[in-house]
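Structure data follow from data.csv (CSV, C-alpha atoms):
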chain,number,residue,atom,x,y,z
A,788,MET,CA,39.9,32.8,-28.1
A,789,ARG,CA,36.2,33.0,-28.9
A,790,ILE,CA,36.2,29.4,-30.1
A,791,LYS,CA,37.9,28.2,-26.9
A,792,VAL,CA,35.3,29.9,-24.8
A,793,LEU,CA,32.4,28.3,-26.7
A,794,ALA,CA,34.1,24.9,-26.5
A,795,PHE,CA,34.5,25.4,-22.7
A,796,LEU,CA,30.9,26.3,-22.3
A,797,LEU,CA,29.8,23.3,-24.3
A,798,ILE,CA,31.8,21.0,-22.1
A,799,ILE,CA,30.2,22.4,-19.0
A,800,PHE,CA,26.7,22.2,-20.6
A,801,CYS,CA,27.2,18.5,-21.5
A,802,ALA,CA,28.7,17.7,-18.1
A,803,CYS,CA,25.7,19.2,-16.4
A,804,GLY,CA,23.3,17.3,-18.7
A,805,ARG,CA,25.0,14.0,-17.9
A,806,LYS,CA,24.7,14.7,-14.1
A,807,SER,CA,21.0,15.5,-14.3
A,808,THR,CA,20.2,12.3,-16.2
A,809,ASN,CA,22.1,10.2,-13.7
A,810,GLU,CA,20.6,11.7,-10.6
A,811,LYS,CA,18.0,9.7,-8.7
A,812,TYR,CA,14.4,10.6,-8.9
A,813,ASN,CA,13.7,13.7,-6.8
A,814,PRO,CA,11.0,12.8,-4.2
A,815,GLY,CA,10.2,16.5,-3.7
A,816,LEU,CA,8.8,16.9,-7.3
A,817,VAL,CA,5.1,16.7,-8.0
A,818,ILE,CA,4.6,13.7,-10.2
A,819,LYS,CA,2.3,14.0,-13.2
A,820,ILE,CA,0.8,11.0,-14.9
A,821,ASP,CA,-1.5,11.0,-17.9
A,822,LEU,CA,-4.1,8.5,-16.9
A,823,LEU,CA,-5.3,7.9,-20.5
A,824,SER,CA,-2.0,7.8,-22.4
A,825,LYS,CA,-0.9,4.5,-23.9
A,826,SER,CA,1.4,2.2,-21.9
A,827,GLY,CA,4.5,0.4,-23.1
A,828,SER,CA,4.8,-3.4,-23.1
A,829,GLU,CA,3.3,-5.6,-20.4
A,830,VAL,CA,5.3,-6.6,-17.4
A,831,THR,CA,5.0,-10.4,-16.8
A,832,ARG,CA,8.1,-11.3,-14.9
A,833,LEU,CA,9.3,-10.2,-11.4
A,834,SER,CA,12.9,-9.5,-12.7
A,835,GLU,CA,11.5,-6.7,-14.8
A,836,PHE,CA,11.1,-4.5,-11.8
A,837,ALA,CA,12.2,-6.5,-8.7
A,838,ALA,CA,15.7,-6.7,-7.2
A,839,ASN,CA,14.9,-9.5,-4.7
A,840,VAL,CA,12.3,-12.0,-3.6
A,841,GLU,CA,12.1,-13.8,-0.2
A,842,HIS,CA,10.0,-16.7,1.1
A,843,ILE,CA,9.4,-16.5,4.8
A,844,PRO,CA,7.6,-19.5,6.5
A,845,LEU,CA,5.3,-18.1,9.2
A,846,GLU,CA,5.6,-20.3,12.3
A,847,THR,CA,2.6,-22.4,13.1
A,848,THR,CA,1.6,-22.7,16.7
A,849,GLY,CA,-1.7,-22.9,18.6
A,850,SER,CA,-1.7,-19.1,19.0
A,851,SER,CA,-0.4,-18.1,15.5
A,852,PHE,CA,-2.6,-20.3,13.2
A,853,MET,CA,-3.8,-18.0,10.4
A,854,GLY,CA,-7.1,-18.2,8.5
A,855,THR,CA,-7.7,-16.8,5.0
A,856,VAL,CA,-8.9,-13.3,6.0
A,857,ARG,CA,-5.6,-11.3,5.9
A,858,ARG,CA,-6.2,-7.6,5.3
A,859,ARG,CA,-3.0,-5.7,5.9
A,860,ILE,CA,0.7,-6.2,6.4
A,861,VAL,CA,3.1,-3.8,8.0
A,862,LYS,CA,6.9,-4.5,8.1
A,863,ASN,CA,9.0,-2.3,10.3
A,864,ASP,CA,12.7,-3.1,10.8
A,865,ASN,CA,12.8,-6.6,12.5
A,866,LYS,CA,9.1,-7.2,12.9
A,867,ILE,CA,6.2,-8.2,10.6
A,868,TYR,CA,2.6,-7.4,11.6
A,869,ILE,CA,-0.3,-9.2,9.9
A,870,GLN,CA,-4.0,-8.5,10.4
A,871,ASN,CA,-5.7,-11.9,10.4
A,872,ALA,CA,-9.4,-11.1,10.6
A,873,ASP,CA,-9.8,-9.4,14.0
A,874,GLU,CA,-6.4,-10.5,15.3
A,875,LEU,CA,-3.0,-8.9,14.9
A,876,LEU,CA,-0.1,-11.3,14.7
A,877,CYS,CA,3.6,-10.3,15.1
A,878,PHE,CA,6.4,-12.3,13.7
A,879,ASP,CA,10.1,-11.6,13.4
A,880,THR,CA,11.7,-11.4,9.9
A,881,ASP,CA,12.6,-15.1,10.0
A,882,GLY,CA,8.9,-15.9,10.5
A,883,LYS,CA,9.1,-16.8,14.2
A,884,PHE,CA,5.9,-16.0,16.0
A,885,LEU,CA,6.3,-13.5,18.8
A,886,PHE,CA,2.9,-12.4,20.1
A,887,LYS,CA,-0.5,-11.2,19.0
A,888,LEU,CA,-3.4,-8.9,19.9
A,889,GLN,CA,-6.7,-10.7,20.4
A,890,ASN,CA,-9.0,-8.3,22.3
A,891,LYS,CA,-12.4,-8.5,20.7
A,892,GLY,CA,-15.3,-7.4,22.8
A,893,ARG,CA,-17.3,-4.4,24.0
A,894,GLY,CA,-15.2,-3.3,27.0
A,895,PRO,CA,-13.3,-0.1,27.3
A,896,GLU,CA,-10.0,-1.7,26.3
A,897,GLU,CA,-11.6,-3.9,23.5
A,898,TYR,CA,-12.7,-3.5,19.9
A,899,THR,CA,-15.7,-5.0,18.1
A,900,SER,CA,-13.7,-5.4,14.9
A,901,ILE,CA,-10.4,-4.2,13.4
A,902,THR,CA,-11.0,-1.8,10.5
A,903,ASP,CA,-7.4,-0.8,10.1
A,904,PHE,CA,-4.1,-0.5,12.0
A,905,ASP,CA,-0.6,0.9,11.7
A,906,ILE,CA,2.7,0.8,13.6
A,907,SER,CA,5.0,3.8,14.4
A,908,SER,CA,8.3,3.9,12.5
A,909,ASP,CA,10.2,3.2,15.7
A,910,ASN,CA,8.1,0.0,16.5
A,911,LYS,CA,6.9,1.4,19.8
A,912,ILE,CA,3.3,2.4,19.2
A,913,MET,CA,0.4,0.7,17.4
A,914,ALA,CA,-2.9,2.5,16.5
A,915,VAL,CA,-5.9,0.2,15.9
A,916,LEU,CA,-9.0,1.7,14.2
A,917,SER,CA,-12.4,0.1,15.1
A,918,SER,CA,-14.8,2.2,13.0
A,919,ILE,CA,-18.1,0.4,13.9
A,920,ASN,CA,-17.9,1.6,17.5
A,921,ARG,CA,-15.9,4.8,16.6
A,922,LYS,CA,-12.7,4.0,18.5
A,923,MET,CA,-9.0,4.3,18.0
A,924,LEU,CA,-7.1,2.2,20.5
A,925,VAL,CA,-3.5,3.0,21.2
A,926,TYR,CA,-1.0,0.3,22.3
A,927,GLY,CA,2.6,0.3,23.3
A,928,ILE,CA,4.8,-2.4,21.8
A,929,SER,CA,7.4,-4.3,23.9
A,930,ASP,CA,9.5,-7.3,23.2
A,931,THR,CA,6.8,-9.6,24.5
A,932,GLY,CA,3.5,-8.1,23.4
A,933,PHE,CA,1.1,-5.2,23.0
A,934,ILE,CA,0.4,-3.0,26.0
A,935,PHE,CA,-2.9,-1.0,26.1
A,936,ARG,CA,-2.5,2.7,26.7
A,937,ARG,CA,-5.7,4.5,25.8
A,938,SER,CA,-9.0,4.4,23.9
A,939,ILE,CA,-10.0,7.5,21.9
A,940,THR,CA,-13.6,8.1,20.9
A,941,LEU,CA,-14.0,9.4,17.4
A,942,LYS,CA,-16.7,11.7,16.1
A,943,ASP,CA,-19.0,10.8,13.2
A,944,PRO,CA,-18.4,10.3,10.4
A,945,ALA,CA,-16.1,7.5,11.5
A,946,PRO,CA,-12.8,7.1,9.6
A,947,TRP,CA,-12.0,3.8,7.9
A,948,ARG,CA,-8.3,4.1,7.2
A,949,ALA,CA,-5.5,4.9,9.7
A,950,SER,CA,-1.8,5.6,9.1
A,951,MET,CA,0.8,6.7,11.5
A,952,VAL,CA,3.0,9.5,10.3
A,953,PRO,CA,6.7,8.3,10.4
A,954,GLY,CA,8.8,10.0,13.0
A,955,THR,CA,5.9,11.5,14.9
A,956,ASP,CA,3.1,10.6,17.3
A,957,LYS,CA,0.5,11.6,14.7
A,958,VAL,CA,-2.1,9.5,13.0
A,959,PHE,CA,-3.7,10.3,9.6
A,960,LEU,CA,-7.4,9.3,9.4
A,961,ALA,CA,-9.3,8.9,6.1
A,962,ILE,CA,-13.0,9.2,5.9
A,963,ALA,CA,-15.2,7.8,3.1
A,964,PRO,CA,-17.6,10.2,1.2
A,965,TRP,CA,-20.6,8.0,1.8
A,966,THR,CA,-23.2,10.7,2.7
A,967,GLY,CA,-21.9,13.7,0.7
A,968,THR,CA,-22.1,16.0,3.7
A,969,GLU,CA,-18.8,15.0,5.5
A,970,PRO,CA,-17.1,18.1,6.8
A,971,THR,CA,-13.7,16.5,6.1
A,972,LEU,CA,-12.3,13.4,4.4
A,973,SER,CA,-8.8,13.8,5.7
A,974,LEU,CA,-7.9,14.3,9.3
A,975,LEU,CA,-4.6,14.4,11.3
A,976,ILE,CA,-4.7,13.8,15.0
A,977,ASN,CA,-2.2,12.8,17.7
A,978,ILE,CA,-2.2,9.7,19.8
A,979,VAL,CA,-4.2,11.4,22.6
A,980,GLY,CA,-6.9,12.4,20.2
A,981,ASP,CA,-6.2,16.1,19.6
A,982,THR,CA,-6.9,17.4,16.1
A,983,ILE,CA,-3.8,18.7,14.5
A,984,LEU,CA,-5.0,19.4,10.9
A,985,PHE,CA,-7.9,18.7,8.6
A,986,LYS,CA,-8.7,19.3,5.0
A,987,PRO,CA,-12.2,20.7,4.3
A,988,ASN,CA,-14.3,18.5,2.1
A,989,GLY,CA,-14.4,20.1,-1.3
A,990,TYR,CA,-16.4,17.3,-2.8
A,991,LYS,CA,-19.8,17.5,-1.1
A,992,TYR,CA,-23.0,16.4,-2.9
A,993,ASN,CA,-26.7,16.1,-2.4
A,994,MET,CA,-28.2,12.6,-2.6
A,995,VAL,CA,-30.9,12.6,-5.4
A,996,ARG,CA,-30.8,8.9,-6.0
A,997,GLU,CA,-32.6,6.5,-3.6
A,998,ARG,CA,-29.5,4.5,-2.7
A,999,ASN,CA,-25.8,5.2,-2.3
A,1000,TYR,CA,-23.0,2.7,-2.5
A,1001,MET,CA,-20.2,2.1,0.0
A,1002,ALA,CA,-16.6,1.1,-1.0
A,1003,LEU,CA,-13.5,1.0,1.1
A,1004,ASN,CA,-11.2,1.8,-1.9
A,1005,GLU,CA,-12.6,5.3,-1.9
A,1006,MET,CA,-9.9,6.2,0.6
A,1007,LEU,CA,-6.4,5.6,-0.8
A,1008,VAL,CA,-3.6,5.9,1.7
A,1009,TYR,CA,0.0,4.7,1.6
A,1010,THR,CA,3.5,5.6,3.1
A,1011,ILE,CA,6.6,6.4,1.0
A,1012,ASN,CA,9.9,8.0,2.0
A,1013,ASN,CA,8.7,8.7,5.5
A,1014,MET,CA,5.6,10.4,4.1
A,1015,VAL,CA,1.9,9.5,4.4
A,1016,CYS,CA,0.2,10.1,1.1
A,1017,PHE,CA,-3.5,10.0,0.3
A,1018,LYS,CA,-6.0,10.6,-2.4
A,1019,GLU,CA,-9.6,11.6,-1.8
A,1020,GLU,CA,-12.4,10.3,-4.0
A,1021,PHE,CA,-13.3,12.6,-7.0
A,1022,SER,CA,-9.8,14.2,-6.7
A,1023,ASP,CA,-7.1,13.9,-9.3
A,1024,THR,CA,-4.4,14.8,-6.8
A,1025,VAL,CA,-2.4,12.7,-4.3
A,1026,PHE,CA,-1.4,14.8,-1.3
A,1027,CYS,CA,1.3,14.1,1.3
A,1028,ILE,CA,1.6,15.3,4.9
A,1029,ASN,CA,4.4,17.8,5.5
A,1030,VAL,CA,5.3,17.2,9.2
A,1031,LYS,CA,7.5,20.3,9.4
A,1032,ASP,CA,4.6,22.7,9.1
A,1033,ASN,CA,1.7,20.3,9.5
A,1034,SER,CA,0.4,20.9,6.0
A,1035,PHE,CA,-0.9,18.9,3.1
A,1036,LYS,CA,1.2,19.2,0.0
A,1037,PRO,CA,0.5,17.9,-3.6
A,1038,ARG,CA,2.5,14.7,-4.3
A,1039,MET,CA,1.1,13.4,-7.6
A,1040,ILE,CA,-1.5,14.5,-10.2
A,1041,PHE,CA,-3.4,12.2,-12.5
A,1042,ASP,CA,-4.5,13.9,-15.7
A,1043,SER,CA,-7.7,12.1,-16.4
A,1044,HIS,CA,-8.8,14.6,-19.2
A,1045,GLY,CA,-11.9,15.3,-17.3
A,1046,THR,CA,-13.0,11.6,-17.1
A,1047,LEU,CA,-13.0,11.1,-13.3
A,1048,SER,CA,-16.3,10.5,-11.5
A,1049,THR,CA,-17.7,13.6,-9.9
A,1050,PRO,CA,-19.7,14.3,-6.7
A,1051,GLU,CA,-22.7,15.1,-8.8
A,1052,MET,CA,-22.5,11.7,-10.5
A,1053,ARG,CA,-22.3,10.1,-7.0
A,1054,GLY,CA,-25.3,12.0,-5.8
A,1055,GLY,CA,-27.4,11.2,-8.9
A,1056,SER,CA,-27.9,14.8,-10.2
A,1057,GLU,CA,-25.6,13.9,-13.2
A,1058,THR,CA,-25.3,10.7,-15.1
A,1059,SER,CA,-22.0,9.0,-15.5
A,1060,ALA,CA,-20.8,7.7,-19.0
A,1061,ASP,CA,-19.2,4.5,-20.0
A,1062,HIS,CA,-15.8,6.4,-20.2
A,1063,THR,CA,-16.1,7.8,-16.6
A,1064,ASN,CA,-13.0,6.7,-14.7
A,1065,PHE,CA,-12.3,5.9,-11.1
A,1066,ILE,CA,-8.9,5.2,-9.4
A,1067,ALA,CA,-9.2,2.2,-7.1
A,1068,ASN,CA,-5.7,1.9,-5.6
A,1069,ILE,CA,-2.3,3.5,-5.6
A,1070,PHE,CA,0.9,2.5,-3.9
A,1071,GLU,CA,4.4,3.6,-4.4
A,1072,THR,CA,8.0,2.5,-3.9
A,1073,SER,CA,11.2,4.6,-4.3
A,1074,ARG,CA,11.2,4.0,-8.0
A,1075,TYR,CA,7.8,2.8,-9.0
A,1076,ILE,CA,4.1,3.7,-8.8
A,1077,PHE,CA,1.5,1.0,-9.0
A,1078,TYR,CA,-2.1,2.0,-9.7
A,1079,TYR,CA,-5.4,0.5,-10.6
A,1080,TYR,CA,-8.1,2.4,-12.5
A,1081,GLY,CA,-10.9,1.8,-14.9
A,1082,THR,CA,-14.5,2.4,-15.9
A,1083,SER,CA,-17.7,0.4,-15.6
A,1084,ILE,CA,-16.5,-1.8,-18.5
A,1085,THR,CA,-12.7,-1.6,-18.3
A,1086,ARG,CA,-10.0,-2.4,-15.8
A,1087,ASN,CA,-6.3,-1.3,-16.0
A,1088,LYS,CA,-3.4,-2.1,-13.7
A,1089,ILE,CA,-0.3,0.0,-14.3
A,1090,LEU,CA,3.3,0.1,-13.3
A,1091,PHE,CA,4.8,3.6,-13.7
A,1092,ASP,CA,8.6,3.9,-13.7
A,1093,LYS,CA,9.5,7.3,-12.1
A,1094,LYS,CA,13.1,7.0,-13.3
A,1095,THR,CA,12.1,6.7,-17.0
A,1096,ASN,CA,8.6,8.2,-17.0
A,1097,ILE,CA,7.3,5.1,-18.8
A,1098,LYS,CA,4.1,3.2,-18.0
A,1099,TYR,CA,3.8,-0.5,-18.3
A,1100,ASN,CA,0.7,-2.7,-18.3
A,1101,LEU,CA,0.2,-5.4,-15.6
A,1102,ASP,CA,-2.0,-8.4,-16.3
A,1103,ILE,CA,-5.4,-7.8,-14.8
A,1104,GLU,CA,-5.0,-10.8,-12.5
A,1105,SER,CA,-1.6,-9.5,-11.5
A,1106,LYS,CA,0.1,-12.9,-11.7
A,1107,LEU,CA,3.8,-12.3,-12.2
A,1108,LYS,CA,6.2,-15.1,-13.1
A,1109,ASP,CA,9.0,-15.6,-10.5
A,1110,ASP,CA,12.0,-15.9,-12.7
A,1111,ILE,CA,14.3,-14.9,-9.8
A,1112,SER,CA,13.8,-17.9,-7.4
A,1113,GLY,CA,11.5,-20.1,-9.5
A,1114,GLY,CA,8.6,-19.9,-7.0
A,1115,PRO,CA,4.9,-19.8,-7.8
A,1116,ASP,CA,3.5,-16.8,-9.6
A,1117,PHE,CA,3.6,-13.7,-7.4
A,1118,ASN,CA,0.1,-12.2,-6.9
A,1119,LEU,CA,0.5,-8.4,-6.9
A,1120,GLU,CA,-2.4,-7.6,-4.6
A,1121,PHE,CA,-4.4,-4.4,-5.4
A,1122,ILE,CA,-7.4,-5.2,-3.1
A,1123,ASN,CA,-5.8,-5.7,0.3
A,1124,ASN,CA,-3.0,-3.5,1.8
A,1125,TYR,CA,-0.1,-5.8,1.0
A,1126,TYR,CA,2.6,-3.2,0.7
A,1127,SER,CA,4.8,-1.5,3.4
A,1128,GLY,CA,8.2,0.0,3.7
A,1129,GLY,CA,8.8,0.0,0.0
A,1130,LYS,CA,8.2,-3.7,-0.3
A,1131,LEU,CA,5.4,-5.8,-1.8
A,1132,PHE,CA,3.8,-8.9,-0.2
A,1133,SER,CA,1.8,-12.0,-1.1
A,1134,PHE,CA,1.0,-15.3,0.5
A,1135,VAL,CA,1.2,-18.9,-0.8
A,1136,GLU,CA,-0.4,-21.7,1.2
A,1137,ALA,CA,1.9,-24.4,2.4
A,1138,ILE,CA,0.1,-27.2,0.5
A,1139,THR,CA,0.2,-25.1,-2.7
A,1140,LEU,CA,3.9,-24.5,-2.4
A,1141,LYS,CA,4.7,-28.1,-1.8
A,1142,LYS,CA,2.7,-29.2,-4.8
A,1143,TYR,CA,4.3,-26.6,-7.0
A,1144,VAL,CA,7.8,-27.4,-6.0
A,1145,ALA,CA,7.1,-31.1,-6.8
A,1146,SER,CA,5.9,-30.1,-10.3
A,1147,GLU,CA,7.7,-30.2,-13.6
A,1148,ASP,CA,7.1,-26.4,-13.9
A,1149,PHE,CA,9.4,-25.8,-10.9
A,1150,LYS,CA,12.0,-28.3,-12.1
A,1151,ASP,CA,12.2,-26.7,-15.5
A,1152,ALA,CA,12.1,-23.1,-14.3
A,1153,GLN,CA,15.0,-21.0,-15.5
A,1154,VAL,CA,16.0,-18.5,-12.8
A,1155,SER,CA,18.5,-15.7,-12.2
A,1156,ASP,CA,19.4,-17.0,-8.7
A,1157,PRO,CA,19.8,-20.8,-8.5
A,1158,LYS,CA,20.6,-20.7,-4.8
A,1159,LYS,CA,17.2,-19.2,-4.1
A,1160,LYS,CA,15.6,-21.9,-6.1
A,1161,ASN,CA,17.5,-24.6,-4.1
A,1162,ASP,CA,16.6,-22.9,-0.8
A,1163,LEU,CA,12.9,-22.8,-1.8
A,1164,GLU,CA,12.9,-26.5,-2.5
A,1165,LYS,CA,14.4,-27.2,0.9
A,1166,LEU,CA,11.7,-24.9,2.5
A,1167,ALA,CA,8.9,-26.7,0.8
A,1168,ASP,CA,10.2,-30.1,1.9
A,1169,SER,CA,10.3,-28.8,5.6
A,1170,LEU,CA,6.6,-27.7,5.6
A,1171,ASN,CA,3.6,-29.7,6.6
A,1172,GLU,CA,0.5,-29.3,4.4
A,1173,THR,CA,-1.5,-27.7,7.3
A,1174,ASP,CA,1.2,-25.1,8.2
A,1175,ASN,CA,0.7,-21.4,8.1
A,1176,PRO,CA,1.1,-19.8,4.7
A,1177,VAL,CA,4.5,-18.7,3.4
A,1178,LEU,CA,5.0,-14.9,3.2
A,1179,ILE,CA,6.5,-13.7,-0.1
A,1180,ILE,CA,8.4,-10.4,0.1
A,1181,VAL,CA,9.4,-8.6,-3.1
A,1182,THR,CA,11.9,-5.8,-3.0
A,1183,PRO,CA,11.6,-3.5,-6.1
A,1184,LYS,CA,14.6,-2.0,-7.8
A,1185,GLU,CA,15.9,1.4,-6.8

Would you kindly transcribe this structure into structure tokens?
Amino acid sequence: MRIKVLAFLLIIFCACGRKSTNEKYNPGLVIKIDLLSKSGSEVTRLSEFAANVEHIPLETTGSSFMGTVRRRIVKNDNKIYIQNADELLCFDTDGKFLFKLQNKGRGPEEYTSITDFDISSDNKIMAVLSSINRKMLVYGISDTGFIFRRSITLKDPAPWRASMVPGTDKVFLAIAPWTGTEPTLSLLINIVGDTILFKPNGYKYNMVRERNYMALNEMLVYTINNMVCFKEEFSDTVFCINVKDNSFKPRMIFDSHGTLSTPEMRGGSETSADHTNFIANIFETSRYIFYYYGTSITRNKILFDKKTNIKYNLDIESKLKDDISGGPDFNLEFINNYYSGGKLFSFVEAITLKKYVASEDFKDAQVSDPKKKNDLEKLADSLNETDNPVLIIVTPKE
């Protein structure tokens, strides 16, 4: 009888073990990443982490022609929003141009420049941040265009990143630590300008050196699983916004072994060493975390698999071979905000795509989806050299 009981318990234990290993990653857990631990092999091909790749030709009209200054992309349901310098262009998911915002000026309904923008999860509201004149402009979104609603005057120090909290009318604003005296670096407001929540600045410093530096990648903000996440400069922790109780909760911790830059180093009262690290960008999908970190002499781009807890190196130029459709190398962008809704984006100029598809490299490419390769060849043939760029959308594996 005793043997039977032990055998029964062993069966239950093994069954429970199998269940836990097959469960999907729990988004409620605090993720811990050793910043300095060794990585596995280098990821060089899209198929190693991507489930799908799409090429979307962006319609070229007199109103939708795009330059080369493309700072951010937001994809929500059936619309794609692209910041093109100080314009915001809206396309549908087939690339058809719908409308744009072009309202540069000094009037009450205008902006001097677009610092950042975001779209509500229901595609009904857009928040536009214009930091130079300390404004946040709120627009409604219809089927035919953007409708101005209000302009909110922001206090100093002006924020430089804005992200709408999914499912709410709240906007998260990130402030850069450029003076060392900022009362907060992380602020939550609603779309009428009321302050909902802020995190006191725990990283103040006194400026001893004669000059300070200013970098926009000191404010890291992204959205994952309907959460807005952010990391302040000098912090090893990524926080997320809990909309149920309007609080900031830890989301991710980078164990830097005490090598991150400190406020005292920034102010000049301490000297940084060659091994002092900074984290320059983070973005996350349902399964993966991409991050960029380094020192004054090294640079590292990493893909972290939350399912297996394994780190992989990415080429410093982030050129990934498209072995799914045979397209040109995918440029995994760490500088601009080319990630939204769990997808990664890049652009290829029309003339570049046409030349590549005509090359021997394309003809000889071995791909996992021959139909996509054939469709890409037809797309390239349909383009004029002066057309708008083609948007590349990569969907990572779950």

Determine, using all atoms listed in the file, which residues of segment 807-851 of chain A have any atom at most 12 Å from an atom of segment 1128-1133 of chain A, and tabulate each with its shortest atom pair and distance in Å to one decimal place, rows ordered by chain and then rising number, as a Markdown table.
| residue | atom | partner | partner_atom | distance |
| --- | --- | --- | --- | --- |
| A:Leu833 | CA | A:Leu1131 | CA | 11.3 |
| A:Phe836 | CA | A:Leu1131 | CA | 11.6 |
| A:Ala837 | CA | A:Leu1131 | CA | 9.7 |
| A:Ala838 | CA | A:Lys1130 | CA | 10.6 |
| A:Asn839 | CA | A:Lys1130 | CA | 9.9 |
| A:Val840 | CA | A:Leu1131 | CA | 9.4 |
| A:Glu841 | CA | A:Phe1132 | CA | 9.6 |
| A:His842 | CA | A:Ser1133 | CA | 9.7 |
| A:Ile843 | CA | A:Ser1133 | CA | 10.6 |

Check your understanding: What does the distance between atom CA of Ser1146 of chain A and atom CA of Gly854 of chain A come to in Å, to one decimal place?
Key ->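 Pair atom CA of Ser1146 of chain A / atom CA of Gly854 of chain A returns 25.8 Å.
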
Point to revise | Separation of atom CA of Thr1173 of chain A from atom CA of Asn1123 of chain A in Å | key: 23.5 Å

Check your understanding: In Å, how far is it from atom CA of Lys1108 of chain A to atom CA of Ala872 of chain A?
Key -> 28.7 Å

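Closest approach to Leu975 of chain A from the set A:Thr1063, A:Asn1033, A:Asn1012, A:Ser1056 is made by A:Asn1033, with distances taken over only C-alpha atoms.
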
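Taking all atoms listed in the file into account, Thr1139 of chain A lies nearest to A:Pro1176 out of the set A:Gly980, A:Pro1157, A:Gly892, A:Pro1176.
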
Exercise for review: Excluding Lys862 of chain A and residues on its chain fewer than 3 positions from it, collect all residues at most 6 Å away from it, counting only C-alpha atoms, and give them as a list in words.
Suggested key: Lys866, Ile867 and Ser1127 of chain A

Tell me, as a compact mmCIF listing (two decimals) with C-alpha atoms, in the frame of the given file, which residues lie within 6 Å of Ile1111 of chain A, counting all atoms listed in the file; anything in the same chain fewer than 5 positions away does not count.
# COMPACT_ATOMS: atom_id res chain seq x y z
CA VAL A 1154 16.00 -18.50 -12.80
CA SER A 1155 18.50 -15.70 -12.20
CA ASP A 1156 19.40 -17.00 -8.70

Review point. Counting all atoms listed in the file, which of A:Leu1047, A:Leu1090, A:Val995, A:Leu1119 gets nearest to Ser828 of chain A?
Key: A:Leu1090

Study note, to complete from the structure: For Ala914 of chain A, the closest of A:Asp873, A:Asp956, A:Glu969, A:Asp981 counting all atoms listed in the file is A:Asp956

Review point. Residues at most 10 Å from Phe1121 of chain A, counting only C-alpha atoms, excluding those fewer than 5 positions away in the same chain, as a ChimeraX atom specification?
Key: /A:1004,1067-1070,1077-1079,1088,1104-1105,1126

Per-residue nearest contacts segment 987-1088 of chain A to segment 943-948 of chain A, cut-off 12 Å, using all atoms listed in the file, as JSON lines:
{"residue": "A:Met1001", "atom": "CA", "partner": "A:Trp947", "partner_atom": "CA", "distance": 11.5}
{"residue": "A:Ala1002", "atom": "CA", "partner": "A:Trp947", "partner_atom": "CA", "distance": 10.4}
{"residue": "A:Leu1003", "atom": "CA", "partner": "A:Trp947", "partner_atom": "CA", "distance": 7.5}
{"residue": "A:Asn1004", "atom": "CA", "partner": "A:Arg948", "partner_atom": "CA", "distance": 9.8}
{"residue": "A:Glu1005", "atom": "CA", "partner": "A:Trp947", "partner_atom": "CA", "distance": 9.9}
{"residue": "A:Met1006", "atom": "CA", "partner": "A:Arg948", "partner_atom": "CA", "distance": 7.1}
{"residue": "A:Leu1007", "atom": "CA", "partner": "A:Arg948", "partner_atom": "CA", "distance": 8.4}
{"residue": "A:Val1008", "atom": "CA", "partner": "A:Arg948", "partner_atom": "CA", "distance": 7.5}
{"residue": "A:Tyr1009", "atom": "CA", "partner": "A:Arg948", "partner_atom": "CA", "distance": 10.0}
{"residue": "A:Val1015", "atom": "CA", "partner": "A:Arg948", "partner_atom": "CA", "distance": 11.9}
{"residue": "A:Phe1017", "atom": "CA", "partner": "A:Arg948", "partner_atom": "CA", "distance": 10.3}
{"residue": "A:Lys1018", "atom": "CA", "partner": "A:Arg948", "partner_atom": "CA", "distance": 11.8}
{"residue": "A:Glu1019", "atom": "CA", "partner": "A:Arg948", "partner_atom": "CA", "distance": 11.8}

Generate the output file for the selected residues, C-alpha atoms, as a compact mmCIF listing (two decimals), in the coordinates of the input.
# COMPACT_ATOMS: atom_id res chain seq x y z
CA MET A 1001 -20.20 2.10 0.00
CA ALA A 1002 -16.60 1.10 -1.00
CA LEU A 1003 -13.50 1.00 1.10
CA ASN A 1004 -11.20 1.80 -1.90
CA GLU A 1005 -12.60 5.30 -1.90
CA MET A 1006 -9.90 6.20 0.60
CA LEU A 1007 -6.40 5.60 -0.80
CA VAL A 1008 -3.60 5.90 1.70
CA TYR A 1009 0.00 4.70 1.60
CA VAL A 1015 1.90 9.50 4.40
CA PHE A 1017 -3.50 10.00 0.30
CA LYS A 1018 -6.00 10.60 -2.40
CA GLU A 1019 -9.60 11.60 -1.80

Exercise for review: Quick one: everything within 10 Å of Asn863 of chain A, counting all atoms listed in the file, minus sequence neighbours fewer than 5 positions away in the same chain. Send it as a ChimeraX atom specification.
Suggested key: /A:868,879-880,906-910,1127-1128

So that I can see what lies close to Gly989 of chain A, please list as an mmCIF file with C-alpha atoms, in the frame of the given file the residues with an atom at most 12 Å from it, counting only C-alpha atoms and leaving out residues fewer than 2 positions away in the same chain.
data_model
loop_
_atom_site.group_PDB
_atom_site.id
_atom_site.type_symbol
_atom_site.label_atom_id
_atom_site.label_comp_id
_atom_site.auth_asym_id
_atom_site.auth_seq_id
_atom_site.Cartn_x
_atom_site.Cartn_y
_atom_site.Cartn_z
ATOM 1 C CA PRO A 964 -17.600 10.200 1.200
ATOM 2 C CA GLY A 967 -21.900 13.700 0.700
ATOM 3 C CA THR A 968 -22.100 16.000 3.700
ATOM 4 C CA GLU A 969 -18.800 15.000 5.500
ATOM 5 C CA PRO A 970 -17.100 18.100 6.800
ATOM 6 C CA THR A 971 -13.700 16.500 6.100
ATOM 7 C CA LEU A 972 -12.300 13.400 4.400
ATOM 8 C CA SER A 973 -8.800 13.800 5.700
ATOM 9 C CA PHE A 985 -7.900 18.700 8.600
ATOM 10 C CA LYS A 986 -8.700 19.300 5.000
ATOM 11 C CA PRO A 987 -12.200 20.700 4.300
ATOM 12 C CA LYS A 991 -19.800 17.500 -1.100
ATOM 13 C CA TYR A 992 -23.000 16.400 -2.900
ATOM 14 C CA GLU A 1019 -9.600 11.600 -1.800
ATOM 15 C CA GLU A 1020 -12.400 10.300 -4.000
ATOM 16 C CA PHE A 1021 -13.300 12.600 -7.000
ATOM 17 C CA SER A 1022 -9.800 14.200 -6.700
ATOM 18 C CA THR A 1049 -17.700 13.600 -9.900
ATOM 19 C CA PRO A 1050 -19.700 14.300 -6.700
#
